[in-house]
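Data file: input_25.cif. Format and content: mmCIF, C-alpha atoms.
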data_coords
#
loop_
_atom_site.label_atom_id
_atom_site.label_comp_id
_atom_site.auth_asym_id
_atom_site.auth_seq_id
_atom_site.Cartn_x
_atom_site.Cartn_y
_atom_site.Cartn_z
CA MET A 876 -31.06 21.47 -7.70
CA ASP A 877 -33.46 18.53 -7.79
CA ILE A 878 -32.69 14.94 -6.83
CA LEU A 879 -31.89 13.89 -10.40
CA GLU A 880 -29.23 16.61 -10.82
CA PHE A 881 -27.95 16.09 -7.29
CA SER A 882 -27.59 12.32 -7.77
CA SER A 883 -25.86 12.78 -11.15
CA LEU A 884 -23.31 15.22 -9.73
CA VAL A 885 -22.65 13.03 -6.68
CA PHE A 886 -22.23 10.07 -9.04
CA VAL A 887 -19.61 11.90 -11.13
CA GLY A 888 -17.78 13.11 -8.00
CA SER A 889 -17.75 9.59 -6.56
CA LEU A 890 -16.52 8.21 -9.88
CA LEU A 891 -13.54 10.56 -9.76
CA ALA A 892 -12.88 9.86 -6.07
CA GLY A 893 -13.00 6.10 -6.66
CA PHE A 894 -10.67 6.39 -9.63
CA LEU A 895 -8.11 8.55 -7.80
CA GLY A 896 -8.35 6.40 -4.69
CA ALA A 897 -7.69 3.16 -6.55
CA ALA A 898 -5.05 4.57 -8.91
CA THR A 899 -3.03 5.97 -6.01
CA GLY A 900 -3.76 3.02 -3.71
CA LEU A 901 -5.07 5.30 -0.97
CA GLY A 902 -8.78 4.49 -1.16
CA GLY A 903 -11.67 6.77 -2.04
CA GLY A 904 -13.52 6.94 1.28
CA VAL A 905 -11.28 9.62 2.66
CA VAL A 906 -12.37 12.00 -0.17
CA ILE A 907 -16.05 11.02 -0.29
CA VAL A 908 -17.03 12.28 3.16
CA PRO A 909 -15.55 15.80 2.82
CA MET A 910 -16.76 15.99 -0.81
CA LEU A 911 -20.35 15.34 0.29
CA ALA A 912 -20.15 17.36 3.50
CA VAL A 913 -18.32 20.41 2.16
CA GLY A 914 -19.15 20.30 -1.55
CA PHE A 915 -22.77 19.18 -1.44
CA GLY A 916 -23.89 20.35 1.99
CA VAL A 917 -24.83 16.85 3.09
CA ASP A 918 -25.02 16.19 6.84
CA ILE A 919 -21.71 14.56 7.82
CA ARG A 920 -23.53 11.54 9.29
CA TYR A 921 -25.25 10.71 5.99
CA ALA A 922 -21.91 11.29 4.25
CA MET A 923 -20.20 8.78 6.55
CA GLY A 924 -22.90 6.17 5.99
CA ALA A 925 -22.70 6.46 2.21
CA SER A 926 -18.90 6.42 2.28
CA LEU A 927 -18.74 3.21 4.34
CA VAL A 928 -21.07 1.46 1.90
CA SER A 929 -18.77 2.40 -0.98
CA VAL A 930 -15.72 1.19 0.96
CA ILE A 931 -17.29 -2.27 1.34
CA ALA A 932 -18.19 -2.36 -2.37
CA THR A 933 -14.64 -1.51 -3.44
CA SER A 934 -13.02 -4.00 -1.09
CA SER A 935 -15.29 -6.92 -2.03
CA ALA A 936 -15.20 -6.22 -5.78
CA ALA A 937 -11.41 -6.10 -5.88
CA ALA A 938 -10.90 -9.15 -3.66
CA SER A 939 -10.73 -11.76 -6.41
CA ALA A 940 -8.36 -9.66 -8.51
CA TYR A 941 -5.93 -9.23 -5.62
CA VAL A 942 -6.21 -12.81 -4.45
CA ARG A 943 -5.30 -14.20 -7.86
CA GLU A 944 -1.90 -12.52 -7.64
CA GLY A 945 -1.18 -14.55 -4.49
CA PHE A 946 -0.01 -11.68 -2.32
CA SER A 947 -2.48 -11.37 0.52
CA ASN A 948 -1.73 -13.06 3.84
CA ILE A 949 -5.10 -14.28 5.08
CA ARG A 950 -3.81 -15.35 8.52
CA VAL A 951 -2.29 -11.97 9.29
CA GLY A 952 -5.47 -10.32 7.97
CA MET A 953 -7.81 -12.49 10.02
CA PHE A 954 -5.87 -12.11 13.25
CA LEU A 955 -5.65 -8.32 12.89
CA GLU A 956 -9.37 -8.17 12.03
CA ILE A 957 -10.07 -8.92 15.69
CA GLY A 958 -8.49 -5.55 16.47
CA THR A 959 -10.04 -3.59 13.61
CA THR A 960 -13.62 -4.84 14.05
CA ILE A 961 -13.67 -4.20 17.80
CA GLY A 962 -12.07 -0.82 17.09
CA ALA A 963 -14.67 -0.08 14.40
CA VAL A 964 -17.55 -0.73 16.77
CA THR A 965 -15.83 1.47 19.39
CA GLY A 966 -15.38 4.24 16.80
CA ALA A 967 -18.98 4.02 15.60
CA ALA A 968 -20.17 4.19 19.21
CA ILE A 969 -18.12 7.37 19.75
CA ALA A 970 -19.37 8.81 16.43
CA THR A 971 -23.00 8.39 17.41
CA SER A 972 -22.50 10.16 20.74
CA ILE A 973 -20.29 13.20 20.02
CA SER A 974 -21.05 16.41 18.12
CA PRO A 975 -20.51 16.23 14.34
CA SER A 976 -18.27 19.30 14.65
CA TYR A 977 -15.70 17.27 16.61
CA ILE A 978 -15.84 14.61 13.92
CA ALA A 979 -15.17 17.27 11.29
CA VAL A 980 -12.10 18.53 13.16
CA ILE A 981 -10.68 15.03 13.68
CA PHE A 982 -11.41 14.33 10.02
CA GLY A 983 -9.52 17.45 8.98
CA LEU A 984 -6.43 16.40 10.94
CA VAL A 985 -6.53 12.88 9.47
CA LEU A 986 -6.84 14.41 5.98
CA ILE A 987 -3.79 16.62 6.50
CA TYR A 988 -1.79 13.60 7.57
CA SER A 989 -3.07 11.57 4.59
CA SER A 990 -2.11 14.31 2.18
CA TYR A 991 1.40 14.45 3.65
CA GLN A 992 1.65 10.67 3.48
CA SER A 993 0.47 10.40 -0.11
CA VAL A 994 3.41 12.50 -1.29
CA PHE A 995 6.14 11.46 1.13
CA SER A 996 5.26 7.83 1.88
CA ARG A 997 8.46 5.86 1.90
CA ARG A 998 8.53 2.46 0.36
CA GLN A 999 10.55 0.26 2.63
CA ASP A 1000 12.87 -2.37 1.19
CA ASP A 1001 11.76 -5.88 1.98
CA SER A 1002 14.06 -7.19 4.68
CA THR A 1003 13.79 -10.93 4.34
CA SER A 1004 17.19 -11.99 5.70
CA ASP A 1005 16.27 -11.35 9.34
CA LYS A 1006 15.27 -13.79 12.07
CA PRO A 1007 11.75 -15.09 12.67
CA ASP A 1008 9.73 -13.49 15.44
CA LYS A 1009 8.49 -15.71 18.28
CA ILE A 1010 4.85 -14.57 18.44
CA ALA A 1011 4.44 -14.41 14.66
CA THR A 1012 5.79 -17.94 14.35
CA ARG A 1013 3.43 -19.21 17.04
CA LEU A 1014 0.59 -17.61 15.08
CA LYS A 1015 1.78 -19.22 11.83
CA MET A 1016 1.99 -15.86 10.08
CA ASN A 1017 5.27 -16.26 8.19
CA SER A 1018 4.63 -16.92 4.53
CA GLN A 1019 5.97 -16.30 1.04
CA TYR A 1020 5.00 -14.15 -1.91
CA PRO A 1021 5.67 -14.12 -5.65
CA THR A 1022 8.52 -11.94 -6.96
CA PRO A 1023 10.09 -11.76 -10.45
CA GLU A 1024 12.77 -14.16 -9.11
CA GLY A 1025 10.19 -16.69 -7.86
CA MET A 1026 8.61 -17.24 -4.46
CA LYS A 1027 10.28 -15.35 -1.64
CA LYS A 1028 9.91 -16.16 2.06
CA TYR A 1029 9.24 -13.43 4.61
CA TYR A 1030 8.92 -13.17 8.37
CA VAL A 1031 6.31 -11.17 10.23
CA HIS A 1032 7.37 -9.02 13.21
CA GLN A 1033 5.95 -6.86 16.02
CA VAL A 1034 2.53 -8.50 16.22
CA PRO A 1035 1.38 -6.64 19.39
CA GLY A 1036 2.42 -3.25 17.96
CA GLY A 1037 0.70 -3.97 14.67
CA PHE A 1038 -2.42 -5.13 16.49
CA GLY A 1039 -2.52 -1.88 18.50
CA ILE A 1040 -2.32 0.29 15.39
CA MET A 1041 -4.99 -1.87 13.76
CA TYR A 1042 -7.32 -1.20 16.68
CA LEU A 1043 -6.72 2.52 16.13
CA ALA A 1044 -7.37 2.08 12.38
CA GLY A 1045 -10.66 0.41 13.29
CA VAL A 1046 -11.63 3.27 15.64
CA LEU A 1047 -10.93 5.86 12.91
CA SER A 1048 -12.89 3.80 10.39
CA GLY A 1049 -15.96 3.72 12.62
CA LEU A 1050 -15.54 7.31 13.79
CA LEU A 1051 -15.09 8.86 10.34
CA GLY A 1052 -16.79 6.43 7.96
CA ILE A 1053 -13.61 5.64 6.02
CA GLY A 1054 -11.67 2.46 5.25
CA SER A 1055 -8.45 3.75 6.88
CA GLY A 1056 -6.44 1.67 4.44
CA ALA A 1057 -3.44 3.98 4.69
CA LEU A 1058 -3.06 3.35 8.42
CA LYS A 1059 -3.48 -0.40 7.92
CA VAL A 1060 -0.68 -0.38 5.37
CA ILE A 1061 1.56 1.52 7.80
CA ALA A 1062 0.89 -1.07 10.53
CA MET A 1063 1.80 -3.98 8.27
CA ASP A 1064 4.48 -2.43 6.07
CA GLN A 1065 6.42 -0.39 8.60
CA VAL A 1066 5.67 -1.99 11.97
CA MET A 1067 5.15 -5.68 11.17
CA ARG A 1068 7.57 -5.40 8.23
CA LEU A 1069 5.54 -7.36 5.70
CA PRO A 1070 6.53 -6.81 2.05
CA PHE A 1071 4.80 -3.71 0.67
CA LYS A 1072 2.70 -5.58 -1.88
CA VAL A 1073 1.54 -8.06 0.76
CA SER A 1074 0.61 -5.16 3.05
CA THR A 1075 -1.49 -3.34 0.47
CA THR A 1076 -3.40 -6.40 -0.71
CA THR A 1077 -4.01 -7.70 2.82
CA SER A 1078 -5.17 -4.21 3.77
CA ASN A 1079 -7.73 -4.26 0.95
CA PHE A 1080 -9.02 -7.58 2.24
CA MET A 1081 -9.37 -6.16 5.74
CA ILE A 1082 -11.01 -2.86 4.79
CA GLY A 1083 -14.32 -4.46 3.82
CA VAL A 1084 -14.60 -6.45 7.03
CA THR A 1085 -13.73 -3.43 9.18
CA ALA A 1086 -16.20 -1.23 7.30
CA ALA A 1087 -18.96 -3.84 7.69
CA ALA A 1088 -18.48 -3.76 11.48
CA SER A 1089 -19.06 0.00 11.60
CA ALA A 1090 -21.71 -0.07 8.87
CA GLY A 1091 -23.85 -2.33 11.06
CA VAL A 1092 -23.95 0.34 13.75
CA PHE A 1093 -24.49 3.14 11.21
CA LEU A 1094 -27.33 1.24 9.54
CA ASN A 1095 -29.17 0.83 12.81
CA ARG A 1096 -28.72 4.52 13.65
CA GLY A 1097 -30.13 5.71 10.31
CA TYR A 1098 -26.80 6.96 8.87
CA VAL A 1099 -27.19 4.97 5.66
CA ASP A 1100 -29.72 6.75 3.44
CA PRO A 1101 -30.48 4.65 0.35
CA GLY A 1102 -31.14 7.68 -1.86
CA LEU A 1103 -27.69 9.11 -1.12
CA ALA A 1104 -25.77 5.83 -0.84
CA MET A 1105 -26.98 4.81 -4.31
CA PRO A 1106 -24.99 7.27 -6.50
CA VAL A 1107 -21.99 7.12 -4.14
CA MET A 1108 -21.73 3.34 -4.15
CA LEU A 1109 -22.16 2.99 -7.92
CA GLY A 1110 -19.76 5.85 -8.66
CA VAL A 1111 -16.98 4.70 -6.36
CA LEU A 1112 -17.37 1.09 -7.49
CA ILE A 1113 -17.04 1.87 -11.21
CA GLY A 1114 -14.34 4.48 -10.62
CA SER A 1115 -12.19 2.21 -8.50
CA LEU A 1116 -12.47 -0.73 -10.90
CA ALA A 1117 -11.23 1.57 -13.68
CA GLY A 1118 -8.54 3.03 -11.43
CA ALA A 1119 -7.17 -0.36 -10.41
CA HIS A 1120 -6.08 -1.02 -14.00
CA PHE A 1121 -4.21 2.24 -13.87
CA LEU A 1122 -2.10 1.24 -10.90
CA PHE A 1123 1.17 0.50 -12.62
CA GLY A 1124 1.44 3.56 -14.86
CA ALA A 1125 4.23 6.11 -14.60
CA THR A 1126 1.59 8.75 -13.95
CA THR A 1127 1.02 7.40 -10.44
CA LYS A 1128 3.35 10.02 -8.97
CA VAL A 1129 1.46 12.86 -10.66
CA LEU A 1130 -1.85 11.40 -9.46
CA ARG A 1131 -0.54 11.18 -5.90
CA ILE A 1132 0.34 14.86 -5.96
CA VAL A 1133 -3.09 15.74 -7.40
CA PHE A 1134 -4.67 13.60 -4.68
CA ALA A 1135 -2.58 15.26 -1.96
CA VAL A 1136 -3.60 18.75 -3.11
CA VAL A 1137 -7.29 17.77 -3.24
CA ILE A 1138 -7.13 16.20 0.22
CA PHE A 1139 -5.30 19.18 1.70
CA GLY A 1140 -7.91 21.58 0.35
CA LEU A 1141 -10.71 19.45 1.79
CA ALA A 1142 -8.88 19.26 5.12
CA ILE A 1143 -8.79 23.05 5.45
CA GLU A 1144 -12.52 23.27 4.61
CA MET A 1145 -13.38 20.56 7.16
CA LEU A 1146 -11.33 22.23 9.90
CA TYR A 1147 -12.84 25.64 9.13
CA LYS A 1148 -16.39 24.32 9.18
CA GLY A 1149 -15.69 22.13 12.22
CA PHE A 1150 -14.30 24.99 14.33
CA ARG A 1151 -17.04 27.34 13.22
CA GLY A 1152 -19.59 24.74 14.26
CA GLY A 1153 -21.00 24.48 10.76
CA PHE A 1154 -22.03 20.87 11.14
CA MET B 696 6.96 -30.02 5.42
CA ASP B 697 3.29 -29.30 4.99
CA ALA B 698 4.03 -25.62 4.32
CA ASP B 699 3.59 -26.02 0.56
CA LYS B 700 0.34 -27.90 0.95
CA LYS B 701 -0.95 -25.24 3.30
CA LEU B 702 -0.11 -22.50 0.83
CA ILE B 703 -1.89 -24.18 -2.07
CA SER B 704 -5.09 -24.71 -0.14
CA ASP B 705 -4.89 -21.12 1.12
CA GLU B 706 -4.70 -19.89 -2.43
CA LYS B 707 -7.57 -22.02 -3.63
CA MET B 708 -9.66 -20.97 -0.69
CA ASP B 709 -8.93 -17.28 -1.37
CA LEU B 710 -9.93 -17.66 -5.01
CA ILE B 711 -13.27 -19.23 -4.17
CA ILE B 712 -14.03 -16.48 -1.65
CA GLY B 713 -12.93 -13.83 -4.12
CA ASN B 714 -15.28 -15.09 -6.82
CA ILE B 715 -18.24 -15.39 -4.45
CA LEU B 716 -17.67 -11.81 -3.35
CA ARG B 717 -17.47 -10.50 -6.88
CA VAL B 718 -20.74 -12.14 -7.88
CA ALA B 719 -22.39 -10.81 -4.70
CA VAL B 720 -21.20 -7.27 -5.47
CA ILE B 721 -22.59 -7.52 -9.02
CA ILE B 722 -25.97 -8.74 -7.72
CA SER B 723 -26.01 -5.97 -5.12
CA ALA B 724 -25.14 -3.34 -7.75
CA LEU B 725 -27.97 -4.61 -9.99
CA PHE B 726 -30.49 -4.17 -7.16
CA VAL B 727 -29.16 -0.68 -6.52
CA ILE B 728 -29.31 0.26 -10.22
CA VAL B 729 -32.90 -0.99 -10.63
CA GLY B 730 -33.95 0.73 -7.40
CA ALA B 731 -32.17 3.92 -8.46
CA ALA B 732 -33.95 3.99 -11.82
CA ILE B 733 -37.38 3.67 -10.19
CA TYR B 734 -36.47 6.16 -7.46
CA LEU B 735 -35.24 8.80 -9.92
CA TRP B 736 -38.27 8.24 -12.17
CA HIS B 737 -40.69 8.96 -9.31
CA HIS B 738 -38.71 11.40 -7.15
CA GLY B 739 -36.11 12.88 -9.53
CA MET B 740 -37.82 16.26 -9.61
CA GLU B 741 -38.08 16.64 -5.83
CA MET B 742 -35.56 18.52 -3.70
CA PRO B 743 -32.86 16.57 -1.83
CA LYS B 744 -32.96 16.94 1.96
CA TYR B 745 -29.64 15.50 3.06
CA GLY B 746 -28.54 18.70 4.78
CA VAL B 747 -30.67 17.88 7.82
CA PHE B 748 -30.09 14.67 9.72
CA SER B 749 -33.32 12.98 10.75
CA GLY B 750 -31.76 9.95 12.40
CA ILE B 751 -34.66 7.85 11.25
CA PRO B 752 -33.68 4.96 9.02
CA ARG B 753 -35.44 5.62 5.74
CA GLY B 754 -36.90 2.52 4.09
CA LEU B 755 -35.12 0.15 6.40
CA SER B 756 -35.06 -0.50 10.17
CA ASN B 757 -35.76 -4.19 9.83
CA LEU B 758 -35.16 -6.96 7.37
CA ASN B 759 -38.82 -7.92 6.92
CA GLU B 760 -39.73 -4.36 6.09
CA ILE B 761 -36.94 -4.06 3.53
CA ILE B 762 -37.92 -7.30 1.81
CA ALA B 763 -41.61 -6.31 1.84
CA ASP B 764 -40.73 -2.92 0.32
CA ALA B 765 -38.54 -4.53 -2.32
CA TRP B 766 -41.26 -7.07 -3.10
CA HIS B 767 -43.78 -4.27 -3.66
CA VAL B 768 -41.25 -2.62 -6.01
CA LYS B 769 -40.70 0.34 -3.70
CA SER B 770 -37.51 1.97 -4.94
CA LEU B 771 -35.81 2.66 -1.60
CA GLY B 772 -36.56 -0.86 -0.40
CA ILE B 773 -34.88 -2.30 -3.50
CA ILE B 774 -31.81 -0.10 -3.04
CA GLN B 775 -31.66 -0.97 0.64
CA LEU B 776 -31.88 -4.68 -0.14
CA GLY B 777 -28.95 -4.27 -2.54
CA LEU B 778 -26.97 -2.46 0.19
CA LEU B 779 -27.78 -5.25 2.67
CA ILE B 780 -26.47 -7.86 0.23
CA LEU B 781 -23.34 -5.75 -0.04
CA LEU B 782 -23.04 -5.46 3.75
CA PHE B 783 -23.15 -9.22 4.01
CA THR B 784 -20.29 -9.82 1.54
CA PRO B 785 -17.55 -9.32 4.16
CA VAL B 786 -19.61 -11.40 6.60
CA ALA B 787 -19.79 -14.20 4.02
CA ARG B 788 -16.07 -13.93 3.55
CA VAL B 789 -15.36 -14.32 7.26
CA ALA B 790 -17.90 -17.14 7.61
CA TYR B 791 -16.28 -18.98 4.72
CA SER B 792 -12.88 -18.58 6.38
CA VAL B 793 -14.20 -20.25 9.56
CA PHE B 794 -15.19 -23.21 7.42
CA ALA B 795 -11.91 -23.23 5.49
CA PHE B 796 -9.76 -23.15 8.65
CA LEU B 797 -11.92 -25.92 10.07
CA VAL B 798 -11.17 -28.07 7.00
CA GLN B 799 -7.47 -27.35 7.50
CA ARG B 800 -7.83 -28.33 11.18
CA ASP B 801 -6.31 -25.01 12.16
CA TYR B 802 -8.34 -24.60 15.33
CA MET B 803 -6.44 -21.56 16.56
CA TYR B 804 -7.57 -19.65 13.48
CA VAL B 805 -11.07 -21.08 13.70
CA VAL B 806 -11.31 -19.32 17.08
CA PHE B 807 -9.85 -16.04 15.75
CA THR B 808 -12.23 -16.04 12.81
CA LEU B 809 -15.22 -16.85 15.02
CA ILE B 810 -14.41 -13.82 17.19
CA VAL B 811 -14.43 -11.56 14.11
CA LEU B 812 -17.66 -13.13 12.88
CA THR B 813 -19.32 -12.61 16.26
CA VAL B 814 -18.37 -8.92 16.39
CA LEU B 815 -19.70 -8.44 12.84
CA LEU B 816 -23.02 -10.15 13.51
CA LEU B 817 -23.58 -8.35 16.83
CA SER B 818 -22.92 -5.03 15.11
CA ILE B 819 -25.25 -5.71 12.19
CA MET B 820 -28.04 -6.97 14.43
CA GLY B 821 -27.76 -3.76 16.42
CA ILE B 822 -26.90 -5.50 19.67
CA VAL B 823 -23.51 -3.99 20.38
CA ILE B 824 -24.49 -0.43 21.21
#
Just dump the structure as structure tokens.
Amino acid sequence: MDILEFSSLVFVGSLLAGFLGAATGLGGGVVIVPMLAVGFGVDIRYAMGASLVSVIATSSAAASAYVREGFSNIRVGMFLEIGTTIGAVTGAAIATSISPSYIAVIFGLVLIYSSYQSVFSRRQDDSTSDKPDKIATRLKMNSQYPTPEGMKKYYVHQVPGGFGIMYLAGVLSGLLGIGSGALKVIAMDQVMRLPFKVSTTTSNFMIGVTAAASAGVFLNRGYVDPGLAMPVMLGVLIGSLAGAHFLFGATTKVLRIVFAVVIFGLAIEMLYKGFRGGF
Amino acid sequence: MDADKKLISDEKMDLIIGNILRVAVIISALFVIVGAAIYLWHHGMEMPKYGVFSGIPRGLSNLNEIIADAWHVKSLGIIQLGLLILLFTPVARVAYSVFAFLVQRDYMYVVFTLIVLTVLLLSIMGIVI
């Protein structure tokens, strides 16, 4: 297989991953790394570098579309970014000093959890009748968001807990070369109790900034190979832009199950290769 | 209350950032596409070697080198320049937020945003670790 064939196949794979990731709202990065590492025999470090680049592209390209809807909470996002960026640098530092086999095993476990979550994620009802939280109010985080019945006010809760999970999300992002959007949504939706739509759009805003923090470290360590990053970035970018238009279809549930099966399969491969020391 | 006013300026600010980012991503993608075309034209028939990690940044390592490579129409330099533009989109977003919070006189958030910006810049300049 020469570079032309290799790049074309990686491009098609990234296109599919980007499409599935955007259509299901789970992000494509989590599929890209195992796809390259297991499917194409790419060293996991190059795979992580290419994946992070594509995560930044997706986040930045979608920003204006999400912002126009008026959902994202920039204050919550900015404050939590302190946690995710420091976490990302921590994660990237760990990634550059441990054996790639450990990374593969951790990746496999995260994939299994993601696959479980993509099928069974519960969508919490927006509890807006409760009392404001002291810290969140001090930090001016309470805001409102558009609903079919007009603007609706919401209160933010559990800032320290959310911040802690965000640090962890940052570590995983830097350690595995993913956006860890799913974990960010959990922190905001289930811990800080932001409305679901606000959580997902704010998460998208944060993913790019987090990924840039780890990408800086990866770039300096030679993880970002332009020849490999090229088809991945273009594929994921085009795929996710197409997938974003797909978001509100009834087929989302089917896609989520497809996604979960794909991720689970990749998880088993990653664990097998990781334990066997194949990286 | 000034809550409504705050919300409107937040929205406007977000929109401006969003549009800047989109244009930057398009420019970055154009660089990558042009670089990719030249790269595949010259090297398309060679064998890929991504299975072995060399740890040596290929066609990058420092900004001057990347720009020089891109200027001399070296394919990997052009791709790398596109990727650098992309890497700076989140940085631009955070930098713009510093400015926007400053305009709103929200000094608490100016500090928060500056912390994020500092971490980003240290990481990209290779100073952190």
Answer key for the PyMOL selection byres ((chain A) within 8 of (chain B)), residues as a ChimeraX atom specification: /A:876-881,916-918,920-921,928,931-932,935-940,942-943,945,949-950,953-954,956-957,960-961,964,968,1083-1084,1087-1092,1094-1103,1105,1109
Please write the residues from the selection above to a file, keeping C-alpha atoms, as a compact mmCIF listing (two decimals), in the coordinates of the input.
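Below is the file that was written, out-v1.txt:
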# COMPACT_ATOMS: atom_id res chain seq x y z
CA MET A 876 -31.06 21.47 -7.70
CA ASP A 877 -33.46 18.53 -7.79
CA ILE A 878 -32.69 14.94 -6.83
CA LEU A 879 -31.89 13.89 -10.40
CA GLU A 880 -29.23 16.61 -10.82
CA PHE A 881 -27.95 16.09 -7.29
CA GLY A 916 -23.89 20.35 1.99
CA VAL A 917 -24.83 16.85 3.09
CA ASP A 918 -25.02 16.19 6.84
CA ARG A 920 -23.53 11.54 9.29
CA TYR A 921 -25.25 10.71 5.99
CA VAL A 928 -21.07 1.46 1.90
CA ILE A 931 -17.29 -2.27 1.34
CA ALA A 932 -18.19 -2.36 -2.37
CA SER A 935 -15.29 -6.92 -2.03
CA ALA A 936 -15.20 -6.22 -5.78
CA ALA A 937 -11.41 -6.10 -5.88
CA ALA A 938 -10.90 -9.15 -3.66
CA SER A 939 -10.73 -11.76 -6.41
CA ALA A 940 -8.36 -9.66 -8.51
CA VAL A 942 -6.21 -12.81 -4.45
CA ARG A 943 -5.30 -14.20 -7.86
CA GLY A 945 -1.18 -14.55 -4.49
CA ILE A 949 -5.10 -14.28 5.08
CA ARG A 950 -3.81 -15.35 8.52
CA MET A 953 -7.81 -12.49 10.02
CA PHE A 954 -5.87 -12.11 13.25
CA GLU A 956 -9.37 -8.17 12.03
CA ILE A 957 -10.07 -8.92 15.69
CA THR A 960 -13.62 -4.84 14.05
CA ILE A 961 -13.67 -4.20 17.80
CA VAL A 964 -17.55 -0.73 16.77
CA ALA A 968 -20.17 4.19 19.21
CA GLY A 1083 -14.32 -4.46 3.82
CA VAL A 1084 -14.60 -6.45 7.03
CA ALA A 1087 -18.96 -3.84 7.69
CA ALA A 1088 -18.48 -3.76 11.48
CA SER A 1089 -19.06 0.00 11.60
CA ALA A 1090 -21.71 -0.07 8.87
CA GLY A 1091 -23.85 -2.33 11.06
CA VAL A 1092 -23.95 0.34 13.75
CA LEU A 1094 -27.33 1.24 9.54
CA ASN A 1095 -29.17 0.83 12.81
CA ARG A 1096 -28.72 4.52 13.65
CA GLY A 1097 -30.13 5.71 10.31
CA TYR A 1098 -26.80 6.96 8.87
CA VAL A 1099 -27.19 4.97 5.66
CA ASP A 1100 -29.72 6.75 3.44
CA PRO A 1101 -30.48 4.65 0.35
CA GLY A 1102 -31.14 7.68 -1.86
CA LEU A 1103 -27.69 9.11 -1.12
CA MET A 1105 -26.98 4.81 -4.31
CA LEU A 1109 -22.16 2.99 -7.92
Spatial neighbours of Gln1033 of chain A, max dist 10 Å, all atoms listed in the file, sep filter under 3 positions, as number ranges by chain: A: 1008-1011, 1036-1038, 1062-1063, 1065-1068
For the selection you just gave me, I'd like the residues written to a file as a PDB file, in the coordinates of the input, keeping C-alpha atoms.
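again.pdb, freshly written:
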ATOM      1  CA  ASP A1008       9.730 -13.490  15.440  1.00  0.00           C
ATOM      2  CA  LYS A1009       8.490 -15.710  18.280  1.00  0.00           C
ATOM      3  CA  ILE A1010       4.850 -14.570  18.440  1.00  0.00           C
ATOM      4  CA  ALA A1011       4.440 -14.410  14.660  1.00  0.00           C
ATOM      5  CA  GLY A1036       2.420  -3.250  17.960  1.00  0.00           C
ATOM      6  CA  GLY A1037       0.700  -3.970  14.670  1.00  0.00           C
ATOM      7  CA  PHE A1038      -2.420  -5.130  16.490  1.00  0.00           C
ATOM      8  CA  ALA A1062       0.890  -1.070  10.530  1.00  0.00           C
ATOM      9  CA  MET A1063       1.800  -3.980   8.270  1.00  0.00           C
ATOM     10  CA  GLN A1065       6.420  -0.390   8.600  1.00  0.00           C
ATOM     11  CA  VAL A1066       5.670  -1.990  11.970  1.00  0.00           C
ATOM     12  CA  MET A1067       5.150  -5.680  11.170  1.00  0.00           C
ATOM     13  CA  ARG A1068       7.570  -5.400   8.230  1.00  0.00           C
TER      14      ARG A1068
END
Nearest candidate to Val930 of chain A (options A:Ser1074, A:Thr1022, A:Ser974, A:Ser889; using all atoms listed in the file):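 Closest residue, counting all atoms listed in the file: A:Ser889.
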From A:Ile1053, A:Val951, A:Met1041, A:Ile969, residue lying nearest Thr1077 of chain A [all atoms listed in the file]: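 Looking only at the distances to Thr1077 of chain A, the closest residue turns out to be A:Val951.
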Length of the atom CA of Phe1139 of chain A to atom CA of Ile987 of chain A vector [Å]: 5.6 Å
d(atom CA of Gly1049 of chain A, atom CA of Phe1093 of chain A) in Å: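 Going from atom CA of Gly1049 of chain A over to atom CA of Phe1093 of chain A covers 8.7 Å.
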The PyMOL selection byres ((chain A and resi 1070) around 12) resolved against shown file, as a PyMOL selection string: chain A and resi 946-948+998-1003+1017-1022+1027-1032+1060-1069+1071-1077
Point-to-point distance in Å for atom CA of Gly966 of chain A and atom CA of Ser1055 of chain A: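 Going from atom CA of Ser1055 of chain A over to atom CA of Gly966 of chain A, I get 12.1 Å.
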Best match for closeness to Met1016 of chain A among A:Ile973, A:Leu955, A:Leu1051, A:Leu1112, counting only C-alpha atoms: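 Looking only at the distances to Met1016 of chain A, the closest residue turns out to be A:Leu955.
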